[in-house]
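Source file: entry_8.txt; contents: compact mmCIF, C-alpha atoms and all ligand atoms.
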```txt
# COMPACT_ATOMS: atom_id res chain seq x y z
CA MET A 5 21.83 153.02 -190.41
CA LYS A 6 18.49 151.25 -190.77
CA VAL A 7 17.71 149.11 -187.73
CA LEU A 8 15.11 146.36 -187.28
CA VAL A 9 14.21 145.27 -183.75
CA ILE A 10 12.49 141.91 -183.23
CA GLY A 11 10.00 141.60 -180.39
CA GLY A 12 7.03 143.41 -178.96
CA GLY A 13 7.40 144.00 -175.23
CA ALA A 14 8.58 146.80 -172.96
CA ARG A 15 12.19 145.68 -173.42
CA GLU A 16 11.85 146.21 -177.17
CA HIS A 17 10.12 149.54 -176.56
CA ALA A 18 13.07 150.59 -174.41
CA LEU A 19 15.50 149.46 -177.13
CA CYS A 20 13.48 151.30 -179.80
CA ARG A 21 13.27 154.44 -177.66
CA SER A 22 17.06 154.54 -177.24
CA LEU A 23 17.69 153.70 -180.89
CA SER A 24 15.25 156.41 -182.00
CA GLN A 25 17.31 158.95 -180.04
CA ASP A 26 20.55 157.85 -181.75
CA PRO A 27 21.44 160.27 -184.58
CA ALA A 28 23.15 157.40 -186.46
CA VAL A 29 19.79 155.65 -186.89
CA THR A 30 18.09 156.92 -190.05
CA GLU A 31 15.20 154.44 -190.06
CA LEU A 32 13.79 152.37 -187.22
CA HIS A 33 11.60 149.30 -187.71
CA CYS A 34 10.17 146.80 -185.25
CA ALA A 35 8.40 143.49 -185.75
CA PRO A 36 5.86 142.77 -184.44
CA GLY A 37 6.08 145.74 -182.00
CA ASN A 38 3.14 147.08 -180.00
CA ALA A 39 1.03 150.25 -179.72
CA GLY A 40 3.78 152.20 -177.93
CA ILE A 41 6.59 151.06 -180.21
CA ALA A 42 4.49 152.18 -183.19
CA GLN A 43 5.01 155.76 -181.98
CA VAL A 44 8.80 155.59 -182.47
CA ALA A 45 9.26 152.88 -185.14
CA ALA A 46 7.52 151.51 -188.22
CA VAL A 47 5.95 148.24 -187.11
CA HIS A 48 5.58 145.11 -189.25
CA PRO A 49 3.71 141.88 -188.64
CA VAL A 50 6.04 138.89 -188.44
CA ASP A 51 6.27 135.43 -186.93
CA GLN A 52 9.12 136.14 -184.51
CA LEU A 53 10.12 132.49 -184.38
CA ASP A 54 10.49 132.15 -188.16
CA GLY A 55 14.09 132.96 -189.09
CA ALA A 56 13.41 132.96 -192.83
CA GLN A 57 10.57 135.45 -192.40
CA VAL A 58 12.66 137.76 -190.22
CA ALA A 59 15.65 137.58 -192.59
CA ALA A 60 13.39 138.31 -195.58
CA LEU A 61 11.87 141.32 -193.80
CA ALA A 62 15.32 142.62 -192.86
CA GLY A 63 16.43 142.22 -196.48
CA ARG A 64 13.36 143.99 -197.82
CA LEU A 65 13.87 146.90 -195.43
CA GLY A 66 17.59 147.15 -196.23
CA ALA A 67 18.39 146.82 -192.52
CA GLY A 68 22.03 147.33 -191.59
CA LEU A 69 21.43 145.87 -188.13
CA VAL A 70 18.86 143.48 -186.70
CA VAL A 71 18.43 143.42 -182.90
CA VAL A 72 16.70 140.32 -181.52
CA GLY A 73 15.00 141.12 -178.18
CA PRO A 74 13.36 138.00 -176.71
CA GLU A 75 14.85 134.59 -175.90
CA ALA A 76 12.43 132.43 -177.90
CA PRO A 77 13.53 133.67 -181.38
CA LEU A 78 17.18 133.33 -180.36
CA VAL A 79 16.71 129.75 -179.24
CA ALA A 80 14.76 129.13 -182.48
CA GLY A 81 17.76 130.28 -184.53
CA VAL A 82 16.49 133.62 -185.81
CA ALA A 83 19.89 135.30 -185.35
CA ASP A 84 21.51 132.47 -187.36
CA ALA A 85 19.09 133.00 -190.25
CA VAL A 86 19.71 136.75 -190.34
CA ARG A 87 23.47 136.27 -190.11
CA ALA A 88 23.34 133.68 -192.91
CA ALA A 89 21.63 136.32 -195.06
CA GLY A 90 24.69 138.54 -194.59
CA ILE A 91 22.97 141.07 -192.32
CA PRO A 92 24.67 142.13 -189.07
CA VAL A 93 22.66 140.88 -186.11
CA PHE A 94 22.76 141.59 -182.39
CA GLY A 95 22.04 138.31 -180.64
CA PRO A 96 23.63 134.89 -180.21
CA SER A 97 23.25 131.79 -182.38
CA ALA A 98 20.76 129.14 -181.33
CA GLU A 99 23.62 127.00 -180.12
CA ALA A 100 25.06 129.76 -177.92
CA ALA A 101 21.58 130.77 -176.71
CA ARG A 102 21.40 127.35 -175.03
CA LEU A 103 23.23 129.16 -172.23
CA GLU A 104 19.71 130.38 -171.41
CA GLY A 105 17.67 127.67 -173.11
CA SER A 106 19.17 124.79 -171.14
CA LYS A 107 20.06 125.13 -167.47
CA ALA A 108 22.10 121.90 -167.70
CA PHE A 109 24.20 123.35 -170.57
CA ALA A 110 24.74 126.55 -168.57
CA LYS A 111 25.94 124.54 -165.58
CA ASP A 112 28.34 122.61 -167.80
CA VAL A 113 29.79 125.80 -169.27
CA MET A 114 30.19 127.30 -165.79
CA ALA A 115 31.98 124.19 -164.58
CA GLY A 116 34.34 124.38 -167.57
CA ALA A 117 34.96 128.09 -167.05
CA GLY A 118 35.40 127.86 -163.28
CA VAL A 119 32.51 130.27 -162.72
CA PRO A 120 31.06 130.28 -159.18
CA THR A 121 27.48 128.96 -159.09
CA ALA A 122 25.21 126.81 -156.92
CA ARG A 123 26.16 123.11 -156.72
CA SER A 124 23.60 121.13 -158.67
CA TYR A 125 22.37 117.80 -160.02
CA VAL A 126 20.58 117.16 -163.29
CA CYS A 127 17.72 114.70 -162.68
CA THR A 128 15.44 112.85 -165.08
CA THR A 129 13.54 110.58 -162.68
CA VAL A 130 11.60 111.22 -159.48
CA ALA A 131 13.92 108.92 -157.55
CA GLU A 132 16.96 110.91 -158.68
CA ALA A 133 15.16 114.14 -157.80
CA ALA A 134 14.29 112.88 -154.32
CA GLU A 135 17.90 111.93 -153.71
CA ALA A 136 19.13 115.35 -154.85
CA LEU A 137 16.59 117.19 -152.68
CA ASP A 138 17.70 115.26 -149.63
CA ALA A 139 21.37 115.82 -150.42
CA PHE A 140 20.93 119.62 -150.25
CA GLY A 141 18.07 119.91 -147.72
CA ALA A 142 15.53 122.76 -147.49
CA PRO A 143 14.93 125.30 -148.91
CA TYR A 144 14.69 123.35 -152.15
CA VAL A 145 15.42 124.82 -155.62
CA VAL A 146 14.00 122.90 -158.58
CA LYS A 147 14.41 124.25 -162.14
CA ASP A 148 12.80 123.01 -165.32
CA ASP A 149 15.62 122.37 -167.81
CA GLY A 150 14.07 124.42 -170.58
CA LEU A 151 12.76 127.85 -171.42
CA ALA A 152 9.90 128.71 -169.07
CA ALA A 153 9.88 132.54 -169.23
CA GLY A 154 11.20 132.82 -165.69
CA LYS A 155 8.38 130.70 -164.33
CA GLY A 156 9.95 127.24 -164.38
CA VAL A 157 11.71 127.62 -161.07
CA VAL A 158 10.25 126.50 -157.76
CA VAL A 159 11.91 127.58 -154.52
CA THR A 160 10.17 126.05 -151.51
CA SER A 161 10.69 124.45 -148.14
CA ASP A 162 7.88 122.00 -148.90
CA ARG A 163 9.53 118.75 -150.02
CA GLU A 164 6.28 117.45 -151.55
CA ALA A 165 5.88 120.59 -153.68
CA ALA A 166 9.52 120.41 -154.79
CA LEU A 167 9.11 116.78 -155.78
CA ALA A 168 5.82 117.47 -157.57
CA HIS A 169 7.51 120.14 -159.73
CA ALA A 170 10.34 117.74 -160.55
CA ALA A 171 7.80 115.06 -161.52
CA ALA A 172 5.96 117.51 -163.80
CA CYS A 173 9.13 118.36 -165.77
CA GLU A 174 11.00 116.06 -168.10
CA ARG A 175 14.42 117.04 -166.84
CA VAL A 176 15.22 119.27 -163.88
CA VAL A 177 18.22 120.89 -162.31
CA ILE A 178 18.13 120.67 -158.52
CA GLU A 179 20.55 122.93 -156.74
CA GLU A 180 21.68 124.31 -153.42
CA TYR A 181 19.82 127.36 -152.13
CA LEU A 182 21.67 130.66 -152.49
CA ASP A 183 21.06 133.27 -149.80
CA GLY A 184 21.65 137.01 -150.23
CA PRO A 185 20.43 139.81 -152.51
CA GLU A 186 20.16 139.37 -156.27
CA VAL A 187 21.78 141.54 -158.92
CA SER A 188 21.31 141.56 -162.67
CA LEU A 189 24.42 142.47 -164.60
CA PHE A 190 24.30 142.73 -168.39
CA ALA A 191 27.28 142.71 -170.71
CA ILE A 192 27.58 143.32 -174.43
CA THR A 193 29.99 140.93 -176.13
CA ASP A 194 31.18 140.12 -179.63
CA GLY A 195 32.44 136.69 -178.59
CA THR A 196 35.82 137.98 -177.41
CA THR A 197 35.58 141.46 -175.88
CA VAL A 198 33.12 141.93 -173.00
CA VAL A 199 31.69 145.34 -172.09
CA PRO A 200 29.67 145.29 -168.84
CA LEU A 201 26.70 147.62 -168.40
CA GLN A 202 25.50 149.06 -165.07
CA PRO A 203 23.96 146.64 -162.53
CA ALA A 204 20.24 146.64 -161.76
CA GLN A 205 17.86 144.80 -159.48
CA ASP A 206 14.46 143.46 -160.47
CA PHE A 207 11.44 142.31 -158.47
CA LYS A 208 10.15 138.89 -159.50
CA ARG A 209 7.25 138.34 -157.10
CA ALA A 210 3.81 139.70 -157.93
CA LEU A 211 3.07 141.40 -154.60
CA ASP A 212 4.64 143.93 -152.23
CA GLY A 213 7.17 142.55 -149.78
CA ASP A 214 8.21 139.84 -152.27
CA GLU A 215 5.00 137.91 -151.67
CA GLY A 216 2.86 136.08 -154.18
CA PRO A 217 3.74 134.10 -157.31
CA ASN A 218 6.81 134.52 -159.51
CA THR A 219 6.31 136.74 -162.55
CA GLY A 220 8.35 137.92 -165.53
CA GLY A 221 9.28 140.94 -163.35
CA MET A 222 7.26 143.72 -161.68
CA GLY A 223 9.82 146.52 -161.57
CA ALA A 224 13.50 147.39 -161.46
CA TYR A 225 16.00 150.08 -160.51
CA SER A 226 19.57 151.13 -161.14
CA PRO A 227 22.13 151.88 -159.72
CA LEU A 228 22.41 149.75 -156.57
CA PRO A 229 23.69 152.03 -153.80
CA TRP A 230 24.07 149.05 -151.46
CA ALA A 231 26.22 146.94 -153.80
CA PRO A 232 29.88 146.52 -152.90
CA PRO A 233 32.27 148.80 -154.81
CA GLY A 234 34.12 146.89 -157.50
CA LEU A 235 31.25 144.46 -158.08
CA VAL A 236 31.16 145.03 -161.84
CA GLU A 237 34.92 144.50 -162.22
CA GLU A 238 34.77 141.37 -160.04
CA VAL A 239 31.92 139.86 -162.07
CA LEU A 240 33.65 140.76 -165.35
CA GLU A 241 36.78 138.97 -164.19
CA THR A 242 35.25 135.92 -162.48
CA VAL A 243 32.03 135.37 -164.47
CA LEU A 244 31.49 137.24 -167.72
CA GLN A 245 34.92 137.03 -169.41
CA PRO A 246 35.56 133.37 -168.43
CA THR A 247 32.10 132.36 -169.72
CA VAL A 248 32.59 134.12 -173.06
CA ASP A 249 36.08 132.60 -173.36
CA GLU A 250 34.80 129.11 -172.50
CA LEU A 251 32.05 129.30 -175.13
CA ARG A 252 34.56 130.45 -177.77
CA ARG A 253 36.91 127.62 -176.76
CA ARG A 254 34.04 125.15 -177.32
CA GLY A 255 33.40 126.59 -180.78
CA THR A 256 30.08 128.07 -179.62
CA GLU A 257 31.01 131.73 -179.82
CA PHE A 258 28.51 133.93 -177.98
CA SER A 259 27.81 137.42 -179.28
CA GLY A 260 25.03 139.72 -178.15
CA LEU A 261 23.83 140.33 -174.61
CA LEU A 262 25.08 138.12 -171.81
CA TYR A 263 22.91 138.52 -168.72
CA ALA A 264 24.25 137.27 -165.43
CA GLY A 265 21.67 136.80 -162.67
CA LEU A 266 23.77 136.86 -159.51
CA ALA A 267 23.29 136.20 -155.81
CA LEU A 268 25.60 138.05 -153.44
CA THR A 269 25.77 135.28 -150.86
CA SER A 270 27.53 135.14 -147.51
CA ARG A 271 30.14 132.97 -149.26
CA GLY A 272 30.67 135.27 -152.23
CA THR A 273 29.11 136.09 -155.58
CA ARG A 274 27.35 133.18 -157.31
CA VAL A 275 25.64 132.91 -160.70
CA ILE A 276 21.95 132.00 -160.37
CA GLU A 277 21.37 131.89 -164.11
CA PHE A 278 22.47 133.23 -167.46
CA ASN A 279 20.20 134.74 -170.04
CA ALA A 280 21.09 135.31 -173.67
CA ARG A 281 19.27 138.63 -174.11
CA PHE A 282 18.43 141.91 -172.43
CA GLY A 283 16.39 141.36 -169.25
CA ASP A 284 12.90 142.76 -168.90
CA PRO A 285 12.34 145.02 -166.89
CA GLU A 286 16.01 145.77 -166.04
CA THR A 287 16.69 146.98 -169.59
CA GLN A 288 14.22 149.80 -169.06
CA VAL A 289 16.33 151.29 -166.24
CA VAL A 290 19.77 150.43 -167.61
CA LEU A 291 19.10 152.04 -170.99
CA ALA A 292 17.48 155.04 -169.29
CA ARG A 293 20.92 155.74 -167.80
CA LEU A 294 23.08 154.96 -170.85
CA ARG A 295 24.38 158.15 -172.50
CA THR A 296 26.40 156.51 -175.30
CA PRO A 297 24.23 156.22 -178.45
CA LEU A 298 22.99 152.62 -178.53
CA ALA A 299 23.15 151.61 -182.20
CA GLY A 300 26.94 151.83 -182.45
CA VAL A 301 27.35 149.65 -179.36
CA LEU A 302 25.04 146.92 -180.69
CA LEU A 303 26.60 147.10 -184.16
CA ALA A 304 30.10 146.69 -182.68
CA SER A 305 28.88 143.47 -181.06
CA ALA A 306 27.42 142.27 -184.36
CA ASN A 307 30.59 143.17 -186.30
CA GLY A 308 33.15 141.96 -183.77
CA THR A 309 34.67 145.40 -183.16
CA LEU A 310 33.86 145.97 -179.50
CA ASP A 311 37.58 146.31 -178.70
CA GLN A 312 37.51 149.61 -180.60
CA LEU A 313 34.52 151.03 -178.72
CA GLU A 314 35.02 154.13 -176.53
CA PRO A 315 34.20 153.49 -172.85
CA LEU A 316 30.46 153.72 -172.25
CA ARG A 317 29.11 156.92 -170.72
CA TRP A 318 26.47 156.77 -167.97
CA ASP A 319 24.06 159.13 -166.32
CA GLU A 320 25.19 159.52 -162.70
CA GLY A 321 21.54 159.65 -161.59
CA ALA A 322 19.06 156.85 -161.00
CA ALA A 323 16.22 155.17 -162.88
CA VAL A 324 13.18 153.27 -161.62
CA THR A 325 10.60 151.33 -163.60
CA VAL A 326 7.24 150.12 -162.28
CA VAL A 327 5.34 147.44 -164.18
CA VAL A 328 1.59 147.83 -164.51
CA ALA A 329 0.08 144.38 -165.01
CA SER A 330 -3.42 143.33 -165.89
CA GLU A 331 -5.96 141.86 -163.50
CA GLY A 332 -5.29 138.18 -162.86
CA TYR A 333 -1.59 138.32 -163.83
CA PRO A 334 0.33 136.02 -163.75
CA ALA A 335 -2.16 133.13 -163.54
CA ALA A 336 -4.94 134.33 -165.86
CA PRO A 337 -4.38 137.85 -167.17
CA ARG A 338 -7.43 139.71 -168.43
CA THR A 339 -6.89 141.62 -171.70
CA GLY A 340 -8.75 143.98 -174.02
CA ASP A 341 -9.34 146.80 -171.52
CA PRO A 342 -8.78 150.45 -172.51
CA ILE A 343 -5.82 152.24 -170.92
CA GLU A 344 -6.35 155.92 -170.04
CA GLY A 345 -3.96 158.65 -168.92
CA LEU A 346 -0.94 157.67 -171.01
CA ALA A 347 -0.31 161.23 -172.24
CA GLU A 348 -0.94 162.67 -168.76
CA ALA A 349 1.63 160.27 -167.28
CA GLU A 350 4.32 161.76 -169.52
CA ALA A 351 3.05 165.36 -169.48
CA ASP A 352 5.57 166.91 -167.11
CA GLY A 353 8.51 165.26 -168.90
CA THR A 354 9.87 163.46 -165.83
CA ALA A 355 8.60 159.97 -166.71
CA PHE A 356 7.97 157.90 -169.82
CA VAL A 357 5.68 154.99 -170.46
CA LEU A 358 7.05 151.90 -172.19
CA HIS A 359 4.44 149.54 -173.56
CA ALA A 360 4.67 145.82 -172.81
CA GLY A 361 1.38 144.16 -173.79
CA THR A 362 -0.71 146.74 -175.67
CA LYS A 363 -2.44 147.12 -178.99
CA ALA A 364 -4.33 149.96 -180.66
CA ASP A 365 -7.98 149.41 -181.71
CA GLN A 366 -9.59 150.88 -184.88
CA ASP A 367 -10.27 154.17 -183.12
CA GLY A 368 -6.66 154.49 -181.99
CA ARG A 369 -7.47 153.69 -178.36
CA VAL A 370 -4.78 151.72 -176.56
CA LEU A 371 -5.96 148.40 -175.10
CA SER A 372 -4.27 145.93 -172.78
CA ALA A 373 -3.06 142.87 -174.69
CA GLY A 374 -0.94 140.90 -172.25
CA GLY A 375 -0.11 140.11 -168.64
CA ARG A 376 2.44 142.84 -168.20
CA VAL A 377 0.89 145.90 -169.84
CA LEU A 378 3.15 148.90 -169.20
CA SER A 379 6.57 149.66 -167.77
CA VAL A 380 6.43 153.19 -166.33
CA THR A 381 9.96 154.56 -166.10
CA ALA A 382 11.49 157.68 -164.61
CA THR A 383 14.95 159.04 -163.95
CA GLY A 384 16.05 161.38 -161.18
CA ALA A 385 19.07 162.67 -159.30
CA GLY A 386 18.74 159.70 -156.95
CA LEU A 387 16.52 156.68 -156.46
CA ALA A 388 14.08 158.56 -154.20
CA GLU A 389 13.38 161.15 -156.89
CA ALA A 390 13.19 158.60 -159.72
CA ARG A 391 10.82 156.49 -157.64
CA GLU A 392 8.58 159.43 -156.78
CA ARG A 393 8.34 160.42 -160.44
CA ALA A 394 7.63 156.88 -161.64
CA TYR A 395 4.84 156.38 -159.10
CA ALA A 396 3.35 159.83 -159.80
CA ALA A 397 3.11 158.77 -163.46
CA VAL A 398 1.60 155.38 -162.55
CA ASP A 399 -1.06 157.21 -160.53
CA ARG A 400 -2.17 159.13 -163.64
CA ILE A 401 -2.80 155.92 -165.60
CA SER A 402 -6.01 153.95 -165.33
CA LEU A 403 -6.53 150.36 -166.40
CA LYS A 404 -9.47 148.36 -165.08
CA GLY A 405 -8.20 145.83 -162.56
CA GLY A 406 -4.61 146.96 -163.22
CA GLN A 407 -2.08 146.02 -160.54
CA HIS A 408 1.41 147.16 -159.63
CA ARG A 409 3.79 146.82 -156.72
CA THR A 410 4.13 149.90 -154.52
CA ASP A 411 7.56 149.02 -153.09
CA ILE A 412 9.84 149.04 -156.15
CA ALA A 413 13.24 150.46 -155.08
CA ALA A 414 11.74 151.54 -151.74
CA LYS A 415 14.36 149.93 -149.53
CA ALA A 416 17.28 150.96 -151.75
CA ALA A 417 16.03 154.56 -151.92
CA THR A 418 16.27 154.96 -148.15
CA ALA A 419 19.52 153.01 -147.75
P1 LIG A 501 16.04 131.58 -162.56
O1 LIG A 501 14.99 131.36 -163.63
O2 LIG A 501 17.08 130.56 -162.51
O3 LIG A 501 16.55 133.00 -162.56
O4 LIG A 501 15.27 131.56 -161.18
C1 LIG A 501 14.22 132.44 -160.89
C2 LIG A 501 14.33 132.94 -159.48
O5 LIG A 501 14.35 131.85 -158.56
C3 LIG A 501 15.63 133.67 -159.20
O6 LIG A 501 15.57 135.03 -159.56
C4 LIG A 501 15.78 133.49 -157.71
O7 LIG A 501 14.98 134.42 -157.02
C5 LIG A 501 15.24 132.12 -157.47
N1 LIG A 501 16.35 131.16 -157.46
C6 LIG A 501 16.86 130.49 -158.51
N2 LIG A 501 17.89 129.70 -158.14
C7 LIG A 501 18.05 129.87 -156.82
C8 LIG A 501 18.94 129.33 -155.84
N3 LIG A 501 19.88 128.42 -156.15
N4 LIG A 501 18.81 129.77 -154.57
C9 LIG A 501 17.87 130.66 -154.23
N5 LIG A 501 17.00 131.20 -155.10
C10 LIG A 501 17.07 130.82 -156.38
```

Translate the structure described by the file into structure tokens.
Amino acid sequence: MKVLVIGGGAREHALCRSLSQDPAVTELHCAPGNAGIAQVAAVHPVDQLDGAQVAALAGRLGAGLVVVGPEAPLVAGVADAVRAAGIPVFGPSAEAARLEGSKAFAKDVMAGAGVPTARSYVCTTVAEAAEALDAFGAPYVVKDDGLAAGKGVVVTSDREAALAHAAACERVVIEEYLDGPEVSLFAITDGTTVVPLQPAQDFKRALDGDEGPNTGGMGAYSPLPWAPPGLVEEVLETVLQPTVDELRRRGTEFSGLLYAGLALTSRGTRVIEFNARFGDPETQVVLARLRTPLAGVLLASANGTLDQLEPLRWDEGAAVTVVVASEGYPAAPRTGDPIEGLAEAEADGTAFVLHAGTKADQDGRVLSAGGRVLSVTATGAGLAEARERAYAAVDRISLKGGQHRTDIAAKAATA
């Protein structure tokens, strides 16, 4: 099988790494890719948001499967264009991707499916927003009703700040605050059958101790030793399957990766948000533990044959990923700096480096090219070992002004 992956971050590097280890994959391509992906796949320049361009590339390459990584191409209809060209594609239609692209649509689907989530109001004026804020009280949760790469959400006890965010957005969803730890649970679906993956937890704030601004994610780990037993089955039954069924009932069949961001609150499990694609950086740790070859799983989603898939096999051990970000991330990331120590980080075979924002210069040196630069990942018998190995690898890498959190999986490893 020839596979084309669309995207160029650490999530796509993780996907490409797993696909490159799958004996069923005879050729692996990625567009646009990055310097790390280029080591495991043939990379091609492409405008990721241009469905016609992506479909033409897939046709030219003779791809038997196209895997769309990021949300923006999905929302732009890239999966639709590839599907219309008769090529199997892993990823939802633009219409179904609104589950991520529009918070108001997601809330409507959840209401229809009876899925537990925060109570909320959709507001288009400041007066409406003020009323909603006062109805729930502090802490306030104000979400831009559009794609904002995880940065459109303001959680604050400052009413002025909450109102200012609402005023700056065209349409917002204001909702009740959910207490309790967060879990990311991914599921592969073909629109009917839902196959949950292993849960993970990510770290959204820039600094240790969950301080500092929100980011795309600074690290992740799996499994979650503190999570209640039966969590995956409960979420499959109360969240994932009803959502997939509701979308099919509406004629908006969802195939691809359904990502449930959950809060385990004192009043039970609640959905914080849905995403329509693999999460970054949780994918790095979830795929590190998946033993079943990946291509067949993604193809079964694309072809509607997930009901025939053997149960997934998982590594019983743990995985930890630590994101190395550039100086100034997330506000004003500095790029173009050389990255040293990449080979040394992987030398003892206990860790691997996934590239997020990198590019190679003419001399083959790897330079930083984005806010999140690397996702340094390790597995181990338990979280403590995986964490030790990941941080030992991070310590061998140098990037001027580079920053990372030092507390990824720390609490869970000692639990
Ligand atoms: P979202 O883009 O909806 O995932 O929101 C980003 C982050 O904001 C989440 O990971 C949570 O940490 C936080 N958040 C979102 N909604 C709520 C809520 N209702 N209560 C508490 N925290 C929330």

Report as CSV the residues of chain A within 6 Å of ligand LIG 501 (chain A), each with its shortest atom pair and distance in Å (one decimal), using all atoms listed in the file, ordered by chain and increasing residue number.
```
residue,atom,partner,partner_atom,distance
A:Ala122,CA,A:LIG501,N3,5.6
A:Val145,CA,A:LIG501,C8,5.7
A:Gly154,CA,A:LIG501,O1,4.6
A:Val157,CA,A:LIG501,O4,5.3
A:Glu179,CA,A:LIG501,N3,5.6
A:Glu180,CA,A:LIG501,N3,5.3
A:Tyr181,CA,A:LIG501,N4,3.6
A:Leu182,CA,A:LIG501,N4,3.6
A:Ile276,CA,A:LIG501,N2,5.2
A:Glu277,CA,A:LIG501,O2,4.8
```

File dump, residues just selected, C-alpha atoms, as a CSV table (one decimal), keeping the file's coordinate frame:
```
chain,number,residue,atom,x,y,z
A,122,ALA,CA,25.2,126.8,-156.9
A,145,VAL,CA,15.4,124.8,-155.6
A,154,GLY,CA,11.2,132.8,-165.7
A,157,VAL,CA,11.7,127.6,-161.1
A,179,GLU,CA,20.6,122.9,-156.7
A,180,GLU,CA,21.7,124.3,-153.4
A,181,TYR,CA,19.8,127.4,-152.1
A,182,LEU,CA,21.7,130.7,-152.5
A,276,ILE,CA,22.0,132.0,-160.4
A,277,GLU,CA,21.4,131.9,-164.1
```

Build an axis-aligned box that encloses every atom of stretch 68-79 of chain A listed in the file, pad it by 8 Å on each side, and report its centre and edge lengths in Å to one decimal, as AutoDock Vina command-line options.
```
--center_x 17.2 --center_y 138.5 --center_z -183.7 --size_x 25.6 --size_y 33.6 --size_z 31.7
```

- request: In Å, rounded to a single decimal, give me how far atom CA of A:Tyr395 is from atom CA of A:Leu358.
  value: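 Taking atom CA of A:Leu358 as the start and atom CA of A:Tyr395 as the end point, the length is 14.0 Å.
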
Within 10 Å of A:Glu99 using all atoms listed in the file, minus same-chain residues under 4 positions, as a list in words
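The filter keeps Leu78, Val79, Ala80, Gly81, Asp84, Leu103, Gly105, Gly255, Thr256, Glu257 and Phe258 of chain A.
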
**Message:** Show me, as an NGL selection string, the residues that have an atom within 10 Å of A:Gly95 when counting all atoms listed in the file, minus same-chain residues fewer than 6 positions from it.
**Reply:** :A and (70-75 or 77-78 or 81-84 or 87 or 101 or 192-194 or 258-262 or 280-282 or 302 or 305-306)

**Study point:** Counting only C-alpha atoms, the option among A:Leu189, A:Ile343, A:Ala360, A:Leu387 closest to A:Ser402
**Key:**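 Ranking A:Leu189, A:Ile343, A:Ala360, A:Leu387 by distance to A:Ser402, first place goes to A:Ile343.
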
For this session: Would you work out the distance separating atom CA of A:Val243 from atom CA of A:Pro120, expressed in Å to one decimal?
Result: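 Atom CA of A:Pro120 lies at a distance of 7.4 Å from atom CA of A:Val243.
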
| field | A:Ala18 environment, 12 Å, only C-alpha atoms, sequence neighbours closer than 2 positions dropped, as a VMD selection string | value | chain A and resid 9 11 to 16 20 to 25 34 37 to 38 40 to 41 44 to 45 73 282 to 294 298 325 356 to 360 378 to 381

message = Taking only C-alpha atoms into account, name the residue in A:Val159, A:Val7, A:Val198, A:Leu346 that is nearest to A:Thr309.
response =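 Among the listed residues, A:Val198 lies closest to A:Thr309.
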
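Of note, atom CA of A:Asp365 and atom CA of A:Val47 are spaced 15.0 Å apart.
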
Spatial neighbours of A:Asp148, 12 Å, only C-alpha atoms, chain gap at least 5 places, as a PyMOL selection string: chain A and resi 104-108+126-128+133+153-159+166-179

Among A:Val29, A:Ala322, A:Ala264, A:Leu313, A:Lys6 is approached most closely, using only C-alpha atoms, by A:Val29

task = Name the residues in contact with A:Val324 at a cut-off of 7 Å, using only C-alpha atoms, excluding same-chain residues fewer than 3 positions from it; report them as a PyMOL selection string.
result = chain A and resi 224-226+289+381-383+390-391+394

Please reconstruct the missing atoms of stretch 314-323 of chain A (target: N, CA and C atoms) and return them as an mmCIF file, in the frame of the given file.
```cif
data_model
loop_
_atom_site.group_PDB
_atom_site.id
_atom_site.type_symbol
_atom_site.label_atom_id
_atom_site.label_comp_id
_atom_site.auth_asym_id
_atom_site.auth_seq_id
_atom_site.Cartn_x
_atom_site.Cartn_y
_atom_site.Cartn_z
ATOM 1 N N GLU A 314 34.692 153.218 -177.639
ATOM 2 C CA GLU A 314 35.020 154.130 -176.530
ATOM 3 C C GLU A 314 34.335 153.617 -175.260
ATOM 4 N N PRO A 315 34.892 153.894 -174.083
ATOM 5 C CA PRO A 315 34.200 153.490 -172.850
ATOM 6 C C PRO A 315 32.782 154.064 -172.811
ATOM 7 N N LEU A 316 31.857 153.283 -172.299
ATOM 8 C CA LEU A 316 30.460 153.720 -172.250
ATOM 9 C C LEU A 316 30.320 154.895 -171.273
ATOM 10 N N ARG A 317 29.391 155.783 -171.602
ATOM 11 C CA ARG A 317 29.110 156.920 -170.720
ATOM 12 C C ARG A 317 27.752 156.709 -170.048
ATOM 13 N N TRP A 318 27.685 157.026 -168.759
ATOM 14 C CA TRP A 318 26.470 156.770 -167.970
ATOM 15 C C TRP A 318 25.991 158.018 -167.280
ATOM 16 N N ASP A 319 24.686 158.120 -167.149
ATOM 17 C CA ASP A 319 24.060 159.130 -166.320
ATOM 18 C C ASP A 319 24.364 158.792 -164.869
ATOM 19 N N GLU A 320 24.857 159.770 -164.106
ATOM 20 C CA GLU A 320 25.190 159.520 -162.700
ATOM 21 C C GLU A 320 23.946 159.331 -161.838
ATOM 22 N N GLY A 321 22.789 159.728 -162.356
ATOM 23 C CA GLY A 321 21.540 159.650 -161.590
ATOM 24 C C GLY A 321 20.988 158.244 -161.556
ATOM 25 N N ALA A 322 19.709 158.140 -161.205
ATOM 26 C CA ALA A 322 19.060 156.850 -161.000
ATOM 27 C C ALA A 322 17.867 156.693 -161.929
ATOM 28 N N ALA A 323 17.438 155.448 -162.109
ATOM 29 C CA ALA A 323 16.220 155.170 -162.880
ATOM 30 C C ALA A 323 15.423 154.083 -162.176
#
```
